[in-house]
$ cat structure-v9.csv   # CSV, C-alpha atoms
chain,number,residue,atom,x,y,z
A,12,MET,CA,145.5,-41.8,154.9
A,13,PHE,CA,146.1,-45.5,155.5
A,14,ALA,CA,149.2,-47.0,156.8
A,15,GLY,CA,149.0,-50.4,158.3
A,16,ALA,CA,148.2,-54.0,158.5
A,17,ALA,CA,148.0,-56.7,161.1
A,18,VAL,CA,147.4,-60.4,161.5
A,19,SER,CA,144.8,-60.9,164.2
A,20,ARG,CA,144.0,-64.3,165.5
A,21,THR,CA,141.9,-65.7,168.3
A,22,GLN,CA,143.1,-68.7,170.3
A,23,GLN,CA,140.6,-71.5,171.0
A,24,SER,CA,141.4,-74.8,172.8
A,25,GLY,CA,145.0,-74.6,171.9
A,26,SER,CA,144.3,-74.0,168.2
A,27,SER,CA,144.3,-70.8,166.2
A,28,THR,CA,141.4,-69.4,164.1
A,29,VAL,CA,142.1,-66.7,161.6
A,30,VAL,CA,139.9,-63.6,162.4
A,31,SER,CA,141.4,-60.9,160.2
A,32,PHE,CA,144.7,-59.8,158.8
A,33,PHE,CA,143.9,-56.1,158.6
A,34,GLN,CA,143.1,-53.5,161.2
A,35,ASN,CA,143.7,-49.9,160.5
A,36,LEU,CA,147.1,-48.6,161.7
A,37,PHE,CA,145.6,-45.9,163.9
A,38,SER,CA,142.8,-47.9,165.4
A,39,SER,CA,142.9,-49.0,169.0
A,40,SER,CA,142.5,-52.5,170.5
A,41,LYS,CA,142.3,-53.7,174.0
A,42,ASN,CA,144.3,-52.5,177.0
A,43,GLY,CA,147.3,-54.7,176.2
A,44,VAL,CA,151.1,-54.5,175.7
A,45,GLY,CA,153.5,-54.5,172.8
A,46,LEU,CA,156.0,-57.4,172.9
A,47,GLU,CA,158.7,-57.3,170.2
A,48,VAL,CA,160.9,-60.3,169.5
A,49,CYS,CA,164.2,-59.4,167.7
A,50,THR,CA,167.2,-61.5,166.8
A,51,ASP,CA,169.2,-60.2,169.8
A,52,ARG,CA,166.6,-59.2,172.4
A,53,VAL,CA,162.9,-58.9,173.4
A,54,ASN,CA,161.3,-55.5,174.2
A,55,LEU,CA,158.1,-55.1,176.3
A,56,VAL,CA,156.2,-51.8,176.3
A,57,LYS,CA,152.9,-50.6,177.7
A,58,LEU,CA,151.6,-47.1,177.1
A,59,LYS,CA,148.8,-45.2,178.8
A,60,LYS,CA,146.8,-42.3,177.5
A,61,GLN,CA,147.6,-39.0,179.2
A,62,GLY,CA,145.6,-36.0,178.1
A,63,VAL,CA,146.1,-35.7,174.4
A,64,GLY,CA,149.4,-37.6,174.5
A,65,TYR,CA,150.8,-40.8,176.0
A,66,LYS,CA,152.7,-41.9,179.1
A,67,LEU,CA,155.0,-44.9,179.4
A,68,ASP,CA,153.4,-47.2,181.9
A,69,PHE,CA,155.9,-50.0,181.6
A,70,PHE,CA,159.2,-51.0,179.8
A,71,ALA,CA,161.4,-54.0,180.0
A,72,THR,CA,164.1,-55.5,177.7
A,73,GLU,CA,166.2,-58.6,177.8
A,74,GLU,CA,169.0,-60.0,175.6
A,75,LEU,CA,168.1,-63.0,173.6
A,76,PRO,CA,170.5,-65.9,173.5
A,77,GLU,CA,171.9,-66.9,170.1
A,78,GLY,CA,170.0,-69.7,168.3
A,79,LEU,CA,166.4,-68.8,169.4
A,80,PHE,CA,165.5,-66.3,166.7
A,81,GLU,CA,167.4,-66.0,163.4
A,82,GLU,CA,166.6,-64.2,160.1
A,83,GLY,CA,163.1,-63.3,161.2
A,84,GLU,CA,162.1,-66.8,162.3
A,85,ILE,CA,161.6,-68.5,165.6
A,86,VAL,CA,164.2,-71.3,165.4
A,87,ASP,CA,163.9,-72.9,168.9
A,88,ARG,CA,160.2,-72.7,169.8
A,89,PRO,CA,160.3,-74.5,173.2
A,90,ALA,CA,163.2,-72.4,174.4
A,91,MET,CA,161.6,-69.2,173.1
A,92,ALA,CA,158.3,-70.0,174.7
A,93,GLU,CA,160.1,-70.6,178.1
A,94,LEU,CA,162.0,-67.4,177.8
A,95,LEU,CA,158.9,-65.3,177.0
A,96,ASP,CA,157.0,-66.9,179.8
A,97,GLU,CA,159.8,-66.1,182.3
A,98,PHE,CA,160.3,-62.6,180.9
A,99,VAL,CA,156.6,-61.7,181.2
A,100,THR,CA,156.2,-63.3,184.6
A,101,ALA,CA,159.3,-61.7,186.0
A,102,ASN,CA,158.0,-58.3,185.0
A,103,LYS,CA,154.6,-58.9,186.4
A,104,VAL,CA,152.8,-58.1,183.2
A,105,ASN,CA,149.2,-59.3,182.4
A,106,PRO,CA,149.8,-62.1,179.8
A,107,LYS,CA,146.6,-61.2,177.9
A,108,ASN,CA,146.1,-59.0,174.9
A,109,ILE,CA,149.7,-59.1,173.6
A,110,ALA,CA,150.6,-57.5,170.3
A,111,THR,CA,153.7,-58.6,168.5
A,112,ALA,CA,155.2,-58.1,165.0
A,113,ILE,CA,156.6,-60.2,162.2
A,114,PRO,CA,159.8,-58.8,160.4
A,115,GLY,CA,159.2,-57.3,157.0
A,116,ARG,CA,161.3,-60.0,155.4
A,117,GLU,CA,158.6,-62.6,156.3
A,118,SER,CA,155.7,-60.6,154.7
A,119,ILE,CA,154.5,-59.8,151.2
A,120,VAL,CA,152.9,-56.4,150.8
A,121,ARG,CA,151.4,-55.5,147.4
A,122,LEU,CA,149.0,-52.9,145.9
A,123,VAL,CA,146.4,-54.7,143.8
A,124,PRO,CA,144.0,-52.9,141.5
A,125,VAL,CA,140.5,-54.5,141.4
A,126,PRO,CA,137.3,-53.7,139.5
A,127,ALA,CA,135.4,-50.9,141.1
A,128,GLU,CA,132.1,-52.8,140.7
A,129,LEU,CA,133.2,-55.3,143.5
A,130,GLU,CA,131.5,-53.3,146.2
A,131,ASP,CA,130.2,-56.3,148.2
A,132,GLU,CA,132.9,-57.4,150.7
A,133,SER,CA,132.2,-61.1,150.0
A,134,GLU,CA,132.7,-60.6,146.3
A,135,LEU,CA,135.9,-58.6,146.9
A,136,ARG,CA,137.2,-61.3,149.2
A,137,ASP,CA,136.6,-64.0,146.7
A,138,TYR,CA,138.3,-62.0,144.0
A,139,ILE,CA,141.4,-61.3,146.2
A,140,ASN,CA,141.6,-65.0,147.2
A,141,GLN,CA,141.6,-66.0,143.5
A,142,GLU,CA,144.1,-63.3,142.5
A,143,ALA,CA,146.5,-63.5,145.5
A,144,GLY,CA,148.5,-66.3,144.0
A,145,LEU,CA,149.7,-64.0,141.2
A,146,TYR,CA,151.5,-61.8,143.8
A,147,LEU,CA,153.1,-64.5,146.0
A,148,PRO,CA,156.5,-66.2,145.6
A,149,PHE,CA,155.0,-69.3,147.3
A,150,PRO,CA,151.9,-71.4,146.7
A,151,ARG,CA,148.6,-69.7,147.7
A,152,GLU,CA,147.6,-72.7,149.9
A,153,GLU,CA,150.7,-72.1,152.0
A,154,ALA,CA,149.9,-68.4,152.7
A,155,ASP,CA,147.8,-66.4,155.2
A,156,VAL,CA,146.3,-63.6,153.1
A,157,ASP,CA,144.1,-60.6,153.7
A,158,TYR,CA,143.6,-57.2,152.3
A,159,GLN,CA,142.3,-53.7,153.0
A,160,ARG,CA,140.4,-51.6,150.5
A,161,LEU,CA,141.9,-48.2,149.8
A,162,GLY,CA,140.8,-45.4,147.5
A,163,SER,CA,139.6,-45.5,143.9
A,164,PHE,CA,141.5,-44.3,140.8
A,165,ILE,CA,141.3,-44.2,137.1
A,166,ASP,CA,143.7,-46.4,135.2
A,167,GLU,CA,145.5,-45.8,131.9
A,168,ASP,CA,142.5,-47.2,130.0
A,169,ASP,CA,140.2,-44.6,131.7
A,170,ILE,CA,138.5,-47.3,133.8
A,171,GLU,CA,137.7,-46.8,137.4
A,172,LYS,CA,139.5,-49.3,139.7
A,173,VAL,CA,139.9,-49.7,143.5
A,174,GLN,CA,143.3,-49.9,145.1
A,175,VAL,CA,143.6,-52.8,147.6
A,176,LEU,CA,146.5,-53.4,149.9
A,177,LEU,CA,147.3,-57.1,150.1
A,178,VAL,CA,149.4,-58.6,152.9
A,179,ALA,CA,150.5,-62.2,153.1
A,180,THR,CA,152.8,-64.3,155.2
A,181,ARG,CA,153.7,-68.0,155.0
A,182,LYS,CA,151.4,-70.0,157.3
A,183,ASP,CA,154.3,-71.7,158.9
A,184,VAL,CA,155.7,-68.4,160.0
A,185,THR,CA,152.4,-67.0,161.6
A,186,ASP,CA,151.7,-70.4,163.0
A,187,SER,CA,155.1,-70.6,164.7
A,188,TYR,CA,154.5,-67.2,166.4
A,189,ILE,CA,151.0,-68.2,167.5
A,190,ALA,CA,152.1,-71.6,168.8
A,191,THR,CA,155.1,-70.1,170.7
A,192,PHE,CA,153.0,-67.5,172.4
A,193,GLN,CA,150.4,-70.1,173.3
A,194,GLU,CA,153.0,-72.4,174.7
A,195,ALA,CA,154.3,-69.4,176.8
A,196,GLY,CA,150.8,-68.9,178.1
A,197,LEU,CA,150.4,-65.5,176.4
A,198,GLY,CA,147.2,-64.2,174.9
A,199,LEU,CA,148.3,-63.1,171.5
A,200,ASP,CA,145.9,-60.5,170.3
A,201,ILE,CA,147.7,-59.0,167.2
A,202,ILE,CA,150.5,-60.0,164.9
A,203,GLU,CA,151.4,-57.3,162.4
A,204,VAL,CA,154.3,-56.4,160.1
A,205,SER,CA,157.0,-54.6,162.0
A,206,SER,CA,157.4,-51.7,159.6
A,207,PHE,CA,153.7,-50.8,160.1
A,208,SER,CA,154.3,-50.6,163.8
A,209,ILE,CA,157.1,-48.0,163.1
A,210,LEU,CA,154.9,-46.1,160.7
A,211,ARG,CA,152.4,-45.6,163.6
A,212,THR,CA,155.1,-43.7,165.6
A,213,ILE,CA,155.9,-41.3,162.7
A,214,ARG,CA,152.4,-40.7,161.4
A,215,ASP,CA,152.7,-36.9,162.0
A,216,GLN,CA,155.8,-36.7,159.8
A,217,LEU,CA,154.1,-38.8,157.1
A,218,GLN,CA,151.2,-36.4,156.9
A,219,GLN,CA,153.4,-33.5,155.8
A,220,PHE,CA,154.0,-35.0,152.3
A,221,THR,CA,151.9,-34.7,149.2
A,222,THR,CA,150.7,-37.6,147.1
A,223,SER,CA,153.6,-36.9,144.7
A,224,GLU,CA,156.2,-37.2,147.4
A,225,ALA,CA,157.5,-40.4,148.7
A,226,SER,CA,159.2,-41.0,152.0
A,227,VAL,CA,161.5,-43.9,152.7
A,228,LEU,CA,161.7,-45.8,156.0
A,229,VAL,CA,165.1,-47.3,156.6
A,230,ASP,CA,165.0,-49.6,159.6
A,231,LEU,CA,168.5,-50.7,160.6
A,232,GLU,CA,167.9,-53.9,162.6
A,233,PHE,CA,170.4,-56.4,164.2
A,234,ASP,CA,171.1,-58.5,161.1
A,235,SER,CA,169.4,-56.7,158.2
A,236,THR,CA,167.8,-53.4,157.2
A,237,GLU,CA,164.2,-53.2,156.2
A,238,LEU,CA,163.4,-50.5,153.6
A,239,VAL,CA,159.8,-49.4,152.9
A,240,VAL,CA,158.7,-46.7,150.4
A,241,VAL,CA,155.6,-44.9,151.6
A,242,VAL,CA,153.3,-42.6,149.6
A,243,ASP,CA,150.3,-40.9,151.2
A,244,GLY,CA,150.7,-43.1,154.2
A,245,VAL,CA,150.5,-46.3,152.2
A,246,PRO,CA,153.5,-48.8,151.9
A,247,GLN,CA,154.2,-49.1,148.2
A,248,PHE,CA,157.5,-51.1,148.0
A,249,SER,CA,159.6,-53.0,150.5
A,250,ARG,CA,162.9,-54.7,150.5
A,251,THR,CA,165.2,-56.5,153.0
A,252,ILE,CA,168.9,-55.6,152.7
A,253,PRO,CA,171.2,-58.1,154.4
A,254,ILE,CA,173.3,-55.5,156.2
A,255,GLY,CA,172.5,-54.7,159.8
A,256,CYS,CA,174.1,-53.6,163.1
A,257,PHE,CA,175.9,-56.9,163.5
A,258,GLN,CA,177.6,-56.7,160.1
A,259,ILE,CA,178.6,-53.1,160.6
A,260,GLN,CA,179.9,-53.7,164.1
A,261,SER,CA,181.7,-56.9,163.1
A,262,ALA,CA,183.7,-54.9,160.5
A,263,LEU,CA,184.5,-52.3,163.1
A,264,SER,CA,185.6,-54.8,165.7
A,265,GLU,CA,187.8,-56.7,163.3
A,266,ALA,CA,189.6,-53.5,162.2
A,267,MET,CA,190.1,-52.6,165.9
A,268,ASN,CA,191.3,-56.2,166.9
A,269,LEU,CA,188.3,-56.6,169.2
A,270,PRO,CA,186.5,-59.9,169.7
A,271,PRO,CA,183.1,-60.3,167.9
A,272,SER,CA,180.1,-59.6,170.0
A,273,ARG,CA,176.3,-59.7,169.6
A,274,ASN,CA,176.0,-56.6,171.9
A,275,VAL,CA,175.9,-53.6,169.5
A,276,GLU,CA,176.6,-51.0,172.1
A,277,LEU,CA,180.0,-50.4,170.6
A,278,LEU,CA,178.4,-49.4,167.3
A,279,GLN,CA,175.6,-47.3,169.0
A,280,GLY,CA,178.3,-45.3,170.8
A,281,MET,CA,180.0,-44.2,167.6
A,282,THR,CA,179.8,-40.9,165.8
A,283,LEU,CA,180.4,-40.6,162.1
A,284,PRO,CA,182.5,-37.9,160.6
A,285,VAL,CA,180.4,-35.3,158.9
A,286,ASP,CA,183.1,-35.1,156.1
A,287,GLY,CA,186.2,-37.0,155.2
A,288,VAL,CA,188.4,-34.9,157.4
A,289,GLU,CA,186.8,-35.0,160.9
A,290,ALA,CA,188.0,-37.9,163.0
A,291,MET,CA,185.5,-40.5,164.3
A,292,THR,CA,185.1,-40.7,168.0
A,293,MET,CA,183.9,-43.5,170.2
A,294,GLY,CA,182.1,-42.6,173.3
A,295,THR,CA,184.4,-40.5,175.5
A,296,MET,CA,187.6,-42.1,174.3
A,297,GLY,CA,188.2,-39.6,171.5
A,298,GLY,CA,191.0,-39.6,169.1
A,299,GLU,CA,191.3,-41.5,165.8
A,300,ASN,CA,189.5,-44.8,165.5
A,301,PRO,CA,191.2,-47.5,163.4
A,302,GLY,CA,187.7,-48.9,162.6
A,303,THR,CA,186.6,-45.8,160.7
A,304,THR,CA,187.4,-47.0,157.2
A,305,ALA,CA,185.9,-50.5,157.8
A,306,MET,CA,182.7,-49.1,159.3
A,307,MET,CA,182.3,-46.5,156.6
A,308,LYS,CA,182.8,-49.0,153.9
A,309,VAL,CA,179.9,-51.2,155.2
A,310,LEU,CA,177.7,-48.2,155.7
A,311,GLY,CA,178.5,-47.1,152.1
A,312,GLU,CA,177.4,-50.5,150.8
A,313,LEU,CA,174.2,-50.1,152.7
A,314,ALA,CA,173.6,-46.6,151.4
A,315,ASP,CA,174.3,-47.8,147.8
A,316,GLU,CA,171.6,-50.6,148.3
A,317,VAL,CA,169.2,-48.0,149.6
A,318,ARG,CA,169.9,-45.9,146.4
A,319,ARG,CA,169.3,-48.9,144.1
A,320,SER,CA,166.0,-49.7,145.9
A,321,ILE,CA,164.8,-46.1,145.5
A,322,ASP,CA,165.9,-45.9,141.8
A,323,PHE,CA,164.1,-49.2,141.1
A,324,TYR,CA,160.9,-47.9,142.6
A,325,LEU,CA,161.0,-44.5,141.0
A,326,ASN,CA,161.7,-46.1,137.6
A,327,GLN,CA,158.3,-47.7,137.8
A,328,SER,CA,156.5,-44.6,139.1
A,329,ASP,CA,155.5,-41.5,137.2
A,330,GLY,CA,155.8,-38.1,138.7
A,331,LEU,CA,157.1,-39.1,142.1
A,332,GLU,CA,160.1,-37.9,144.0
A,333,VAL,CA,161.6,-39.1,147.3
A,334,ALA,CA,161.3,-36.2,149.7
A,335,GLN,CA,162.6,-37.7,152.9
A,336,ILE,CA,164.5,-40.7,154.4
A,337,PHE,CA,163.5,-41.7,158.0
A,338,LEU,CA,166.3,-43.6,159.8
A,339,VAL,CA,165.0,-45.9,162.6
A,340,GLY,CA,166.1,-49.1,164.4
A,341,PRO,CA,168.9,-49.8,166.8
A,342,GLY,CA,171.6,-49.0,164.1
A,343,SER,CA,170.2,-45.5,163.5
A,344,SER,CA,171.5,-44.3,166.9
A,345,VAL,CA,175.0,-43.9,165.4
A,346,GLY,CA,175.8,-40.2,165.6
A,347,GLN,CA,175.4,-38.1,162.4
A,348,LEU,CA,174.1,-41.1,160.4
A,349,ASP,CA,171.6,-38.7,158.9
A,350,GLU,CA,174.4,-36.4,157.6
A,351,PHE,CA,176.1,-39.5,156.1
A,352,PHE,CA,173.0,-40.5,154.2
A,353,MET,CA,172.3,-37.0,153.1
A,354,GLN,CA,175.8,-36.6,151.7
A,355,ARG,CA,175.8,-40.0,150.1
A,356,LEU,CA,172.3,-39.9,148.5
A,357,SER,CA,171.5,-36.2,148.2
A,358,ILE,CA,168.2,-36.8,149.9
A,359,PRO,CA,167.1,-35.2,153.2
A,360,ALA,CA,167.5,-37.7,156.1
A,361,THR,CA,166.3,-37.7,159.7
A,362,GLN,CA,167.2,-39.9,162.6
A,363,ILE,CA,164.0,-40.8,164.4
A,364,ASP,CA,163.8,-41.1,168.2
A,365,PRO,CA,160.3,-42.7,168.7
A,366,VAL,CA,160.4,-41.9,172.4
A,367,ALA,CA,160.7,-38.2,171.7
A,368,ASN,CA,158.3,-38.5,168.7
A,369,LEU,CA,155.5,-39.6,171.0
A,370,GLY,CA,156.4,-36.9,173.6
A,371,LEU,CA,157.2,-39.5,176.3
A,372,GLU,CA,159.1,-38.2,179.3
A,373,ILE,CA,161.4,-41.0,180.3
A,374,ASP,CA,164.4,-41.1,182.7
A,375,GLU,CA,167.6,-41.7,180.7
A,376,GLU,CA,168.6,-44.4,183.3
A,377,LEU,CA,165.5,-46.4,182.3
A,378,ILE,CA,166.1,-46.1,178.5
A,379,PRO,CA,169.4,-44.6,177.5
A,380,PRO,CA,169.3,-42.3,174.4
A,381,VAL,CA,171.2,-44.8,172.3
A,382,GLN,CA,168.5,-47.5,172.9
A,383,ARG,CA,165.5,-45.3,172.0
A,384,PRO,CA,165.8,-45.5,168.1
A,385,GLY,CA,165.5,-49.2,168.4
A,386,LEU,CA,162.1,-49.1,170.2
A,387,GLY,CA,159.9,-48.0,167.2
A,388,VAL,CA,158.4,-51.5,166.8
A,389,ALA,CA,157.6,-52.1,170.4
A,390,LEU,CA,156.2,-48.6,170.9
A,391,GLY,CA,154.2,-48.8,167.7
A,392,LEU,CA,152.7,-52.1,168.9
A,393,SER,CA,151.8,-50.6,172.3
A,394,LEU,CA,150.2,-47.6,170.5
A,395,ARG,CA,147.8,-50.0,168.9
A,396,GLU,CA,146.8,-51.3,172.3
A,397,VAL,CA,146.2,-47.9,174.0
$ encode --input "structure-v9.csv" --output "structure tokens"
Amino acid sequence: MFAGAAVSRTQQSGSSTVVSFFQNLFSSSKNGVGLEVCTDRVNLVKLKKQGVGYKLDFFATEELPEGLFEEGEIVDRPAMAELLDEFVTANKVNPKNIATAIPGRESIVRLVPVPAELEDESELRDYINQEAGLYLPFPREEADVDYQRLGSFIDEDDIEKVQVLLVATRKDVTDSYIATFQEAGLGLDIIEVSSFSILRTIRDQLQQFTTSEASVLVDLEFDSTELVVVVDGVPQFSRTIPIGCFQIQSALSEAMNLPPSRNVELLQGMTLPVDGVEAMTMGTMGGENPGTTAMMKVLGELADEVRRSIDFYLNQSDGLEVAQIFLVGPGSSVGQLDEFFMQRLSIPATQIDPVANLGLEIDEELIPPVQRPGLGVALGLSLREV
């Protein structure tokens, strides 16, 4: 089963040299750390091997000021580099062998059928480089592109083909990450797509499905939701939905006459009604919450977009069914969100706690339960480095 891609680069004399885009999701790298850059914060994680499992060796997180990172891109490179330098230095972390991730919205992931006779890697590479432009929404010369060979199959014309997973990003995006980390004095070892980091943390769940069953990763991030359809461990379809924690909490805050805030703890402390009768509670305050209707409306819009994405994919696929929805990301810590999606979409849904998934024993004072669903990317990056 395959489930991953990464952009790997070496750094030489202040410049970057492309080594490879792809490394298997379950392969290990050097003894490094996972450093996730989000719109609202940065997360730093280091895991260690402990028996057949893992142990959390280090964790740190810090809120990110507005204006440094927006819509998946580094907006203020000097300020971001300074913050990362101070963050890593303050936490006494070795600045070498850092793994980070690019948001899904900044990547193109496609399955490409290629002739089976292209067995030589150089021939396959030339073929992919020639064909890549057909799958990109921007010029080929502006893209960083790589691929990984998957299994063979027989197409509708009874011709044997090989399935190749193609991943591309705009060069200006990957270059901005590399330059920022270099300026911060950090040895960037891996850049991969964020959804692949999360897939690494739920690999055991993914293995329970057959090749005719699809699972859907719904990653509720700060300002958007990344949706990925996965079949047999391979990402088949992805989409960015412009609804995230901030939009949901903003609707909630406005309805409750509260000032807007980038801190989404208010949202994370909520519990949804299982049905239309039970009142929503907020933390320990209890009682009816005037933001219920506003919050449920935005979540309903999100669920409807998830449904449209699933239908779009299934309409192009024969004999597939969606067996499971995995809810991850900081927004997925909302209580009973899985019940809400199950009722809305009639598809089994599960809220993923990546800390529990990896069997990590962590004090709640270090990482409160509401923060854990949002650590899938950072933990997945660190898993690569174990």
$ residues_around --input "structure-v9.csv" --residues "region 54-71 of chain A" --least-positions-apart "3" --cutoff "9 Å" --atoms "all atoms listed in the file" --output "PyMOL selection string"
chain A and resi 42-49+98-99+102+104+369-373+377-378+386+388-390+392-394+396-397
$ closest_atom_pairs --input "structure-v9.csv" --of "region 174-257 of chain A" --to "region 129-141 of chain A" --cutoff "12 Å" --atoms "all atoms listed in the file" --output "tab-separated table"
residue	atom	partner	partner_atom	distance
A:Gln174	CA	A:Leu135	CA	11.6
A:Val175	CA	A:Ile139	CA	8.9
A:Leu176	CA	A:Ile139	CA	10.1
A:Leu177	CA	A:Ile139	CA	8.2
A:Val178	CA	A:Ile139	CA	10.8
A:Ala179	CA	A:Asn140	CA	11.0
$ atom_distance --input "structure-v9.csv" --atom1 "CA of Met307 (chain A)" --atom2 "CA of Ser235 (chain A)"
16.5 Å
$ closest_residue --input "structure-v9.csv" --among "A:Ser249, A:Thr303, A:Asn268, A:Ser344" --to "Ile321 (chain A)" --atoms "all atoms listed in the file"
A:Ser249
$ closest_atom_pairs --input "structure-v9.csv" --of "region 308-395 of chain A" --to "region 274-280 of chain A" --cutoff "12 Å" --atoms "all atoms listed in the file" --output "tab-separated table"
residue	atom	partner	partner_atom	distance
A:Leu310	CA	A:Leu278	CA	11.7
A:Gly340	CA	A:Gln279	CA	10.7
A:Pro341	CA	A:Gln279	CA	7.5
A:Gly342	CA	A:Gln279	CA	6.5
A:Ser343	CA	A:Gln279	CA	7.9
A:Ser344	CA	A:Gln279	CA	5.5
A:Val345	CA	A:Gln279	CA	5.0
A:Gly346	CA	A:Gly280	CA	7.7
A:Gln347	CA	A:Gln279	CA	11.3
A:Leu348	CA	A:Gln279	CA	10.7
A:Pro379	CA	A:Gln279	CA	10.9
A:Pro380	CA	A:Gln279	CA	9.7
A:Val381	CA	A:Gln279	CA	6.0
A:Gln382	CA	A:Gln279	CA	8.1
A:Arg383	CA	A:Gln279	CA	10.7
A:Pro384	CA	A:Gln279	CA	10.0
A:Gly385	CA	A:Gln279	CA	10.3
$ atom_distance --input "structure-v9.csv" --atom1 "CA of Asn326 (chain A)" --atom2 "CA of Val241 (chain A)"
15.3 Å
$ atom_distance --input "structure-v9.csv" --atom1 "CA of Ala190 (chain A)" --atom2 "CA of Glu74 (chain A)"
21.6 Å
$ residues_around --input "structure-v9.csv" --residues "region 253-265 of chain A" --least-positions-apart "5" --cutoff "6 Å" --atoms "all atoms listed in the file" --output "MDAnalysis selection string"
chainID A and resid 231:236 278 302 305:306 309 342
$ closest_residue --input "structure-v9.csv" --among "A:Ala225, A:Val339, A:Val184, A:Ala314" --to "Ser206 (chain A)" --atoms "all atoms listed in the file"
A:Val339
$ residues_around --input "structure-v9.csv" --residues "Pro148 (chain A)" --least-positions-apart "5" --cutoff "10 Å" --atoms "only C-alpha atoms" --output "PDB file with C-alpha atoms, keeping the file's coordinate frame"
ATOM      1  CA  ILE A 119     154.500 -59.800 151.200  1.00  0.00           C
ATOM      2  CA  ALA A 154     149.900 -68.400 152.700  1.00  0.00           C
ATOM      3  CA  ARG A 181     153.700 -68.000 155.000  1.00  0.00           C
TER       4      ARG A 181
END
$ closest_residue --input "structure-v9.csv" --among "A:Asn368, A:Arg273, A:Glu224, A:Ser118" --to "Arg52 (chain A)" --atoms "only C-alpha atoms"
A:Arg273
$ closest_residue --input "structure-v9.csv" --among "A:Pro270, A:Gly198, A:Pro150, A:Pro365" --to "Ile109 (chain A)" --atoms "all atoms listed in the file"
A:Gly198
$ closest_residue --input "structure-v9.csv" --among "A:Asp186, A:Glu332, A:Glu128, A:Glu81" --to "Ile170 (chain A)" --atoms "all atoms listed in the file"
A:Glu128
